[in-house]
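To be precise, the following lines are input_24.pdb, and they hold PDB, C-alpha atoms, pLDDT in the B column.
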ATOM      1  CA  MET A 533     137.912  37.495  70.102  1.00 27.00           C
ATOM      2  CA  ILE A 534     139.151  34.005  69.215  1.00 26.00           C
ATOM      3  CA  LEU A 535     142.888  33.489  69.377  1.00 29.00           C
ATOM      4  CA  LEU A 536     144.072  31.796  66.215  1.00 27.00           C
ATOM      5  CA  ARG A 537     146.678  29.070  66.500  1.00 28.00           C
ATOM      6  CA  SER A 538     148.649  30.888  63.816  1.00 32.00           C
ATOM      7  CA  LEU A 539     148.251  34.578  63.135  1.00 34.00           C
ATOM      8  CA  ALA A 540     148.872  33.973  59.440  1.00 36.00           C
ATOM      9  CA  ALA A 541     145.121  33.837  58.856  1.00 33.00           C
ATOM     10  CA  ALA A 542     144.488  37.061  60.715  1.00 36.00           C
ATOM     11  CA  VAL A 543     147.345  39.353  59.782  1.00 43.00           C
ATOM     12  CA  THR A 544     149.535  40.134  56.822  1.00 45.00           C
ATOM     13  CA  PHE A 545     153.222  39.237  56.789  1.00 43.00           C
ATOM     14  CA  VAL A 546     155.418  42.020  55.441  1.00 46.00           C
ATOM     15  CA  LEU A 547     159.098  41.703  54.599  1.00 39.00           C
ATOM     16  CA  LEU A 548     161.219  44.121  56.575  1.00 39.00           C
ATOM     17  CA  SER A 549     164.557  45.061  55.088  1.00 35.00           C
ATOM     18  CA  GLN A 550     167.002  47.896  55.309  1.00 33.00           C
ATOM     19  CA  ALA A 551     165.548  49.297  52.082  1.00 32.00           C
ATOM     20  CA  GLY A 552     161.928  49.071  53.148  1.00 37.00           C
ATOM     21  CA  TYR A 553     158.788  46.973  53.441  1.00 37.00           C
ATOM     22  CA  ALA A 554     157.323  44.932  50.664  1.00 32.00           C
ATOM     23  CA  GLN A 555     154.078  46.301  49.252  1.00 31.00           C
ATOM     24  CA  THR A 556     151.162  45.292  51.494  1.00 34.00           C
ATOM     25  CA  ALA A 557     148.307  47.109  49.774  1.00 33.00           C
ATOM     26  CA  PRO A 558     147.660  48.912  46.479  1.00 29.00           C
ATOM     27  CA  GLN A 559     148.034  52.326  48.046  1.00 35.00           C
ATOM     28  CA  SER A 560     149.328  55.424  46.324  1.00 36.00           C
ATOM     29  CA  PRO A 561     152.971  56.043  47.270  1.00 35.00           C
ATOM     30  CA  PRO A 562     153.541  58.550  50.087  1.00 39.00           C
ATOM     31  CA  SER A 563     154.714  62.037  49.226  1.00 41.00           C
ATOM     32  CA  GLN A 564     158.110  61.379  50.806  1.00 46.00           C
ATOM     33  CA  SER A 565     160.580  58.850  49.420  1.00 46.00           C
ATOM     34  CA  GLY A 566     159.214  55.350  49.959  1.00 49.00           C
ATOM     35  CA  ASP A 567     162.642  54.036  50.892  1.00 54.00           C
ATOM     36  CA  THR A 568     162.868  56.717  53.584  1.00 69.00           C
ATOM     37  CA  VAL A 569     159.341  56.480  54.968  1.00 74.00           C
ATOM     38  CA  LEU A 570     159.105  52.683  55.016  1.00 76.00           C
ATOM     39  CA  SER A 571     162.657  51.746  55.913  1.00 83.00           C
ATOM     40  CA  ARG A 572     163.277  49.473  58.898  1.00 82.00           C
ATOM     41  CA  ASP A 573     164.590  52.360  60.975  1.00 86.00           C
ATOM     42  CA  ALA A 574     161.805  54.754  59.990  1.00 89.00           C
ATOM     43  CA  VAL A 575     159.096  52.288  60.965  1.00 93.00           C
ATOM     44  CA  LEU A 576     160.625  50.615  64.007  1.00 93.00           C
ATOM     45  CA  ARG A 577     163.187  53.083  65.315  1.00 92.00           C
ATOM     46  CA  ASP A 578     162.204  56.630  64.457  1.00 94.00           C
ATOM     47  CA  ALA A 579     164.707  58.726  66.401  1.00 93.00           C
ATOM     48  CA  GLU A 580     162.045  61.351  67.077  1.00 95.00           C
ATOM     49  CA  ILE A 581     159.757  58.963  68.991  1.00 96.00           C
ATOM     50  CA  PRO A 582     160.914  57.662  72.409  1.00 95.00           C
ATOM     51  CA  ALA A 583     160.116  53.980  72.932  1.00 96.00           C
ATOM     52  CA  ALA A 584     158.133  52.549  75.807  1.00 96.00           C
ATOM     53  CA  GLY A 585     159.058  49.247  77.402  1.00 96.00           C
ATOM     54  CA  ASN A 586     162.595  47.994  76.817  1.00 96.00           C
ATOM     55  CA  PRO A 587     164.370  50.372  74.397  1.00 94.00           C
ATOM     56  CA  ASP A 588     166.756  47.508  73.555  1.00 94.00           C
ATOM     57  CA  GLY A 589     164.028  44.911  73.180  1.00 95.00           C
ATOM     58  CA  ASP A 590     164.234  42.161  70.585  1.00 95.00           C
ATOM     59  CA  ILE A 591     160.725  42.733  69.184  1.00 95.00           C
ATOM     60  CA  THR A 592     159.076  46.057  68.434  1.00 96.00           C
ATOM     61  CA  VAL A 593     155.350  46.726  68.508  1.00 97.00           C
ATOM     62  CA  VAL A 594     154.382  49.869  66.587  1.00 97.00           C
ATOM     63  CA  GLU A 595     150.935  51.339  67.208  1.00 98.00           C
ATOM     64  CA  TYR A 596     149.289  53.885  64.924  1.00 98.00           C
ATOM     65  CA  PHE A 597     146.691  55.522  67.140  1.00 97.00           C
ATOM     66  CA  ASP A 598     144.490  58.522  67.839  1.00 97.00           C
ATOM     67  CA  PHE A 599     144.034  59.884  71.359  1.00 97.00           C
ATOM     68  CA  GLN A 600     140.256  60.146  70.839  1.00 96.00           C
ATOM     69  CA  CYS A 601     139.891  56.563  69.595  1.00 96.00           C
ATOM     70  CA  PRO A 602     138.030  54.459  72.220  1.00 95.00           C
ATOM     71  CA  TYR A 603     139.535  51.234  70.859  1.00 95.00           C
ATOM     72  CA  CYS A 604     143.030  52.704  71.234  1.00 96.00           C
ATOM     73  CA  ARG A 605     142.295  53.483  74.868  1.00 95.00           C
ATOM     74  CA  LYS A 606     140.993  49.994  75.438  1.00 94.00           C
ATOM     75  CA  VAL A 607     144.018  48.314  73.871  1.00 96.00           C
ATOM     76  CA  HIS A 608     146.433  50.597  75.755  1.00 96.00           C
ATOM     77  CA  ALA A 609     145.819  48.703  78.989  1.00 95.00           C
ATOM     78  CA  ASP A 610     146.834  45.489  77.215  1.00 95.00           C
ATOM     79  CA  LEU A 611     149.976  47.139  75.830  1.00 96.00           C
ATOM     80  CA  GLN A 612     150.956  48.251  79.327  1.00 96.00           C
ATOM     81  CA  ARG A 613     150.352  44.743  80.625  1.00 96.00           C
ATOM     82  CA  LEU A 614     152.406  43.367  77.736  1.00 96.00           C
ATOM     83  CA  ILE A 615     155.337  45.607  78.661  1.00 96.00           C
ATOM     84  CA  ARG A 616     155.144  44.410  82.265  1.00 96.00           C
ATOM     85  CA  ASP A 617     154.863  40.737  81.307  1.00 96.00           C
ATOM     86  CA  ASP A 618     157.528  40.691  78.596  1.00 96.00           C
ATOM     87  CA  ARG A 619     160.643  42.668  79.446  1.00 95.00           C
ATOM     88  CA  LYS A 620     162.099  42.210  75.969  1.00 96.00           C
ATOM     89  CA  VAL A 621     159.384  44.107  74.118  1.00 97.00           C
ATOM     90  CA  ARG A 622     159.686  47.718  73.014  1.00 96.00           C
ATOM     91  CA  VAL A 623     156.613  49.704  71.999  1.00 98.00           C
ATOM     92  CA  VAL A 624     156.564  52.698  69.668  1.00 98.00           C
ATOM     93  CA  TYR A 625     153.488  54.925  69.832  1.00 98.00           C
ATOM     94  CA  LYS A 626     152.907  56.715  66.524  1.00 98.00           C
ATOM     95  CA  ASP A 627     150.394  59.548  66.712  1.00 97.00           C
ATOM     96  CA  TRP A 628     148.008  59.368  63.775  1.00 97.00           C
ATOM     97  CA  PRO A 629     145.524  62.170  64.562  1.00 97.00           C
ATOM     98  CA  ILE A 630     142.623  61.485  62.211  1.00 96.00           C
ATOM     99  CA  LEU A 631     139.666  62.250  64.480  1.00 96.00           C
ATOM    100  CA  GLY A 632     139.689  66.035  64.588  1.00 96.00           C
ATOM    101  CA  GLU A 633     141.406  69.103  65.961  1.00 96.00           C
ATOM    102  CA  VAL A 634     141.585  67.901  69.561  1.00 97.00           C
ATOM    103  CA  SER A 635     143.503  64.851  68.352  1.00 97.00           C
ATOM    104  CA  LYS A 636     145.940  67.082  66.473  1.00 97.00           C
ATOM    105  CA  THR A 637     146.466  69.364  69.480  1.00 97.00           C
ATOM    106  CA  ALA A 638     146.995  66.383  71.772  1.00 98.00           C
ATOM    107  CA  ALA A 639     149.500  64.825  69.363  1.00 98.00           C
ATOM    108  CA  GLN A 640     151.485  68.064  69.118  1.00 97.00           C
ATOM    109  CA  LEU A 641     151.619  68.536  72.901  1.00 98.00           C
ATOM    110  CA  VAL A 642     152.669  64.942  73.545  1.00 98.00           C
ATOM    111  CA  GLN A 643     155.326  65.169  70.851  1.00 97.00           C
ATOM    112  CA  ALA A 644     156.576  68.370  72.498  1.00 98.00           C
ATOM    113  CA  ALA A 645     156.619  66.698  75.935  1.00 98.00           C
ATOM    114  CA  LYS A 646     159.545  64.553  74.776  1.00 97.00           C
ATOM    115  CA  TYR A 647     161.799  67.600  75.060  1.00 98.00           C
ATOM    116  CA  GLN A 648     161.319  67.425  78.830  1.00 97.00           C
ATOM    117  CA  GLY A 649     161.514  63.629  78.982  1.00 97.00           C
ATOM    118  CA  LYS A 650     157.763  63.180  79.424  1.00 98.00           C
ATOM    119  CA  PHE A 651     156.640  61.651  76.118  1.00 98.00           C
ATOM    120  CA  VAL A 652     155.552  58.270  77.502  1.00 97.00           C
ATOM    121  CA  ALA A 653     154.070  59.802  80.664  1.00 97.00           C
ATOM    122  CA  ALA A 654     152.047  62.244  78.575  1.00 98.00           C
ATOM    123  CA  HIS A 655     150.899  59.484  76.244  1.00 98.00           C
ATOM    124  CA  ASP A 656     149.849  57.205  79.099  1.00 97.00           C
ATOM    125  CA  ALA A 657     147.974  60.024  80.825  1.00 98.00           C
ATOM    126  CA  LEU A 658     145.837  60.858  77.807  1.00 98.00           C
ATOM    127  CA  MET A 659     145.235  57.215  76.964  1.00 97.00           C
ATOM    128  CA  GLY A 660     144.276  56.454  80.543  1.00 95.00           C
ATOM    129  CA  TYR A 661     141.835  59.353  80.869  1.00 95.00           C
ATOM    130  CA  LYS A 662     138.303  58.036  81.319  1.00 92.00           C
ATOM    131  CA  GLY A 663     136.383  61.012  80.025  1.00 92.00           C
ATOM    132  CA  ARG A 664     136.116  62.855  76.734  1.00 94.00           C
ATOM    133  CA  LEU A 665     139.222  64.746  75.695  1.00 96.00           C
ATOM    134  CA  THR A 666     138.624  68.424  74.985  1.00 95.00           C
ATOM    135  CA  ALA A 667     140.758  71.453  74.239  1.00 90.00           C
ATOM    136  CA  ALA A 668     139.867  72.644  77.739  1.00 89.00           C
ATOM    137  CA  ASN A 669     140.994  69.580  79.714  1.00 95.00           C
ATOM    138  CA  LEU A 670     144.100  68.501  77.783  1.00 96.00           C
ATOM    139  CA  GLU A 671     146.403  70.795  79.729  1.00 96.00           C
ATOM    140  CA  ASP A 672     145.012  69.739  83.102  1.00 97.00           C
ATOM    141  CA  ILE A 673     145.455  66.034  82.302  1.00 97.00           C
ATOM    142  CA  LEU A 674     149.045  66.580  81.180  1.00 98.00           C
ATOM    143  CA  THR A 675     149.857  68.775  84.178  1.00 97.00           C
ATOM    144  CA  LYS A 676     148.652  66.054  86.551  1.00 97.00           C
ATOM    145  CA  ALA A 677     150.968  63.651  84.722  1.00 97.00           C
ATOM    146  CA  GLY A 678     153.955  65.845  85.557  1.00 97.00           C
ATOM    147  CA  VAL A 679     154.217  67.664  82.245  1.00 98.00           C
ATOM    148  CA  ASP A 680     155.217  71.322  82.294  1.00 98.00           C
ATOM    149  CA  VAL A 681     152.556  72.445  79.826  1.00 97.00           C
ATOM    150  CA  ALA A 682     153.952  75.954  79.404  1.00 97.00           C
ATOM    151  CA  LYS A 683     157.297  74.441  78.397  1.00 98.00           C
ATOM    152  CA  ALA A 684     155.559  71.922  76.140  1.00 98.00           C
ATOM    153  CA  LYS A 685     153.773  74.735  74.319  1.00 97.00           C
ATOM    154  CA  ALA A 686     157.031  76.650  73.914  1.00 98.00           C
ATOM    155  CA  ASP A 687     158.811  73.502  72.722  1.00 98.00           C
ATOM    156  CA  ALA A 688     155.975  72.764  70.294  1.00 97.00           C
ATOM    157  CA  GLN A 689     156.396  76.190  68.769  1.00 97.00           C
ATOM    158  CA  ALA A 690     160.198  76.036  68.708  1.00 98.00           C
ATOM    159  CA  ASN A 691     160.168  72.551  67.149  1.00 98.00           C
ATOM    160  CA  ASP A 692     157.111  72.968  64.953  1.00 97.00           C
ATOM    161  CA  ALA A 693     158.828  71.770  61.778  1.00 97.00           C
ATOM    162  CA  ALA A 694     160.266  68.635  63.428  1.00 97.00           C
ATOM    163  CA  ILE A 695     156.943  67.706  65.038  1.00 97.00           C
ATOM    164  CA  LYS A 696     155.026  68.205  61.811  1.00 97.00           C
ATOM    165  CA  ALA A 697     157.597  66.063  59.994  1.00 96.00           C
ATOM    166  CA  THR A 698     157.171  63.246  62.535  1.00 97.00           C
ATOM    167  CA  LEU A 699     153.386  63.308  62.228  1.00 97.00           C
ATOM    168  CA  ALA A 700     153.677  63.413  58.433  1.00 96.00           C
ATOM    169  CA  ARG A 701     155.915  60.299  58.508  1.00 96.00           C
ATOM    170  CA  ASN A 702     153.399  58.514  60.709  1.00 97.00           C
ATOM    171  CA  ASP A 703     150.580  59.401  58.344  1.00 96.00           C
ATOM    172  CA  ALA A 704     152.552  58.371  55.252  1.00 95.00           C
ATOM    173  CA  GLN A 705     153.437  55.015  56.800  1.00 94.00           C
ATOM    174  CA  ALA A 706     149.870  54.299  57.908  1.00 95.00           C
ATOM    175  CA  GLU A 707     148.554  55.055  54.435  1.00 93.00           C
ATOM    176  CA  ALA A 708     151.297  53.071  52.708  1.00 91.00           C
ATOM    177  CA  PHE A 709     150.488  50.048  54.881  1.00 91.00           C
ATOM    178  CA  GLY A 710     146.858  50.363  53.879  1.00 91.00           C
ATOM    179  CA  PHE A 711     145.585  51.136  57.376  1.00 94.00           C
ATOM    180  CA  VAL A 712     142.157  52.763  57.401  1.00 93.00           C
ATOM    181  CA  ALA A 713     141.435  53.102  61.116  1.00 94.00           C
ATOM    182  CA  THR A 714     143.003  53.246  64.554  1.00 96.00           C
ATOM    183  CA  PRO A 715     144.453  51.353  66.214  1.00 97.00           C
ATOM    184  CA  SER A 716     146.621  49.528  63.690  1.00 96.00           C
ATOM    185  CA  PHE A 717     149.901  47.771  64.363  1.00 96.00           C
ATOM    186  CA  ILE A 718     153.186  46.452  63.118  1.00 94.00           C
ATOM    187  CA  VAL A 719     154.379  43.592  65.346  1.00 94.00           C
ATOM    188  CA  GLY A 720     157.843  42.527  64.311  1.00 90.00           C
ATOM    189  CA  THR A 721     157.123  41.859  60.637  1.00 84.00           C
ATOM    190  CA  PHE A 722     153.374  41.354  60.976  1.00 88.00           C
ATOM    191  CA  ARG A 723     150.924  43.986  59.798  1.00 90.00           C
ATOM    192  CA  VAL A 724     147.778  44.062  61.941  1.00 89.00           C
ATOM    193  CA  PRO A 725     145.075  46.446  60.652  1.00 89.00           C
ATOM    194  CA  GLY A 726     142.891  46.500  63.745  1.00 87.00           C
ATOM    195  CA  ALA A 727     142.608  46.172  67.496  1.00 87.00           C
ATOM    196  CA  MET A 728     144.201  43.245  69.301  1.00 88.00           C
ATOM    197  CA  GLU A 729     143.865  41.642  72.699  1.00 91.00           C
ATOM    198  CA  LEU A 730     146.720  40.734  75.024  1.00 94.00           C
ATOM    199  CA  ALA A 731     146.745  37.067  73.997  1.00 93.00           C
ATOM    200  CA  MET A 732     146.999  38.022  70.329  1.00 92.00           C
ATOM    201  CA  PHE A 733     149.898  40.386  71.032  1.00 94.00           C
ATOM    202  CA  LYS A 734     151.728  37.596  72.819  1.00 94.00           C
ATOM    203  CA  GLN A 735     151.060  35.133  69.997  1.00 93.00           C
ATOM    204  CA  ALA A 736     152.231  37.617  67.361  1.00 92.00           C
ATOM    205  CA  ILE A 737     155.404  38.326  69.336  1.00 94.00           C
ATOM    206  CA  LYS A 738     156.052  34.598  69.777  1.00 93.00           C
ATOM    207  CA  GLU A 739     155.754  34.042  66.033  1.00 92.00           C
ATOM    208  CA  ALA A 740     157.854  37.124  65.263  1.00 92.00           C
ATOM    209  CA  ARG A 741     160.630  35.761  67.491  1.00 93.00           C
ATOM    210  CA  GLU A 742     160.434  32.379  65.829  1.00 92.00           C
ATOM    211  CA  LEU A 743     160.741  34.057  62.454  1.00 89.00           C
ATOM    212  CA  GLN A 744     163.749  36.076  63.604  1.00 85.00           C
ATOM    213  CA  LYS A 745     165.423  32.932  64.869  1.00 86.00           C
ATOM    214  CA  LYS A 746     164.694  31.124  61.611  1.00 86.00           C
ATOM    215  CA  ASN A 747     166.151  33.988  59.594  1.00 80.00           C
ATOM    216  CA  GLY A 748     169.142  34.333  61.916  1.00 70.00           C
ATOM    217  CA  LYS A 749     168.293  37.938  62.808  1.00 55.00           C
ATOM    218  CA  GLN A 750     168.606  39.505  66.220  1.00 44.00           C
TER
END

How would this structure read if it were set down as structure tokens?
Amino acid sequence: MILLRSLAAAVTFVLLSQAGYAQTAPQSPPSQSGDTVLSRDAVLRDAEIPAAGNPDGDITVVEYFDFQCPYCRKVHADLQRLIRDDRKVRVVYKDWPILGEVSKTAAQLVQAAKYQGKFVAAHDALMGYKGRLTAANLEDILTKAGVDVAKAKADAQANDAAIKATLARNDAQAEAFGFVATPSFIVGTFRVPGAMELAMFKQAIKEARELQKKNGKQ
């Protein structure tokens, strides 16, 4: 993949405000209030999704992903490297289970793992798994990552409405942004409808910081 000198030719700039994002594609409006679903906080700082990297970072990378997506798994290694290389970046993983029932089950279990402080560990374990995810091996992978699966199942049931609401927000945002496949990203105020490499992440973050500085935003 060729790194462009400016990402403007490769990605779409979207205006982030307290009210919401500017329209980026002629999509039908989500079922929830657009102001709620596409607000700055809903997209970048959903309280129901623990952040990876620096939770107080100056730039947020949001990934819309599916645990069964091979491109998502490939890009995950670059995201982990990005977090190690740039201590001011926070990453928000937004489950967008569009590849079948196993994806939905995995998303629900990982969402439930947050109630025992294992959201990121669970996410990394499934993304780092080299084989095919199945209903039979999900629990074993999560257990090896330190997740109490029995508790996760109980928490998933007890918090079913909250988890479904989180996944519905993720889906509504992805559709409103015009994303059609995983992985897709928001990097600062750049919309990136496709996989990226480490160099492109770093370039997008550099330009996002420059834009923040220009606009006087922290």

Run the PyMOL selection byres ((chain A and resi 683) around 10) on the file and write out the hits as a PyMOL selection string. chain A and resi 641+644-645+647-648+679-682+684-689

Which residues come within 12 Å of Asp618 (chain A), counting all atoms listed in the file, excluding same-chain residues fewer than 2 positions away, as JSON, numbers by chain? {"A": [585, 586, 589, 590, 591, 592, 593, 610, 611, 612, 613, 614, 615, 616, 620, 621, 622, 623, 730, 733, 734, 737, 738]}

Write out the residues from the selection above, keeping C-alpha atoms, as a PDB file, in the frame of the given file.
ATOM      1  CA  GLY A 585     159.058  49.247  77.402  1.00 96.00           C
ATOM      2  CA  ASN A 586     162.595  47.994  76.817  1.00 96.00           C
ATOM      3  CA  GLY A 589     164.028  44.911  73.180  1.00 95.00           C
ATOM      4  CA  ASP A 590     164.234  42.161  70.585  1.00 95.00           C
ATOM      5  CA  ILE A 591     160.725  42.733  69.184  1.00 95.00           C
ATOM      6  CA  THR A 592     159.076  46.057  68.434  1.00 96.00           C
ATOM      7  CA  VAL A 593     155.350  46.726  68.508  1.00 97.00           C
ATOM      8  CA  ASP A 610     146.834  45.489  77.215  1.00 95.00           C
ATOM      9  CA  LEU A 611     149.976  47.139  75.830  1.00 96.00           C
ATOM     10  CA  GLN A 612     150.956  48.251  79.327  1.00 96.00           C
ATOM     11  CA  ARG A 613     150.352  44.743  80.625  1.00 96.00           C
ATOM     12  CA  LEU A 614     152.406  43.367  77.736  1.00 96.00           C
ATOM     13  CA  ILE A 615     155.337  45.607  78.661  1.00 96.00           C
ATOM     14  CA  ARG A 616     155.144  44.410  82.265  1.00 96.00           C
ATOM     15  CA  LYS A 620     162.099  42.210  75.969  1.00 96.00           C
ATOM     16  CA  VAL A 621     159.384  44.107  74.118  1.00 97.00           C
ATOM     17  CA  ARG A 622     159.686  47.718  73.014  1.00 96.00           C
ATOM     18  CA  VAL A 623     156.613  49.704  71.999  1.00 98.00           C
ATOM     19  CA  LEU A 730     146.720  40.734  75.024  1.00 94.00           C
ATOM     20  CA  PHE A 733     149.898  40.386  71.032  1.00 94.00           C
ATOM     21  CA  LYS A 734     151.728  37.596  72.819  1.00 94.00           C
ATOM     22  CA  ILE A 737     155.404  38.326  69.336  1.00 94.00           C
ATOM     23  CA  LYS A 738     156.052  34.598  69.777  1.00 93.00           C
TER      24      LYS A 738
END

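Counting only C-alpha atoms and comparing A:Thr714, A:Gln744, A:Thr721, A:Gln705, the residue that lies closest to Pro602 (chain A) is A:Thr714.
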
Distance query region 655-672 of chain A at most 12 Å, only C-alpha atoms, self and fewer than 3 positions along chain excluded, as a PyMOL selection string: chain A and resi 581-584+597-612+624-627+631-646+649-652+675-685

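Distances to Thr698 (chain A) were evaluated for A:Val575, A:Val724, A:Pro587, A:Ala653 using only C-alpha atoms, and the minimum falls at A:Val575.
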
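Between CA of Gly748 (chain A) and CA of Ala731 (chain A) the interatomic distance comes to 25.6 Å.
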
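The shortest atom-to-atom distance to Ala740 (chain A), with all atoms listed in the file taken into account, belongs to A:Ile718 out of A:Ala579, A:Ile718, A:Ala700, A:Val569.
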
As AutoDock Vina command-line options: centre and edge lengths in Å, one decimal, of the axis-aligned box holding region 570-584 of chain A with 5 Å per side:
--center_x 161.4 --center_y 55.4 --center_z 65.4 --size_x 16.6 --size_y 21.9 --size_z 30.8

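Taking CA of Trp628 (chain A) as the reference point, CA of Ala706 (chain A) is found at 8.0 Å.
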
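The coordinates place CA of Lys696 (chain A) at 17.4 Å from CA of Leu570 (chain A).
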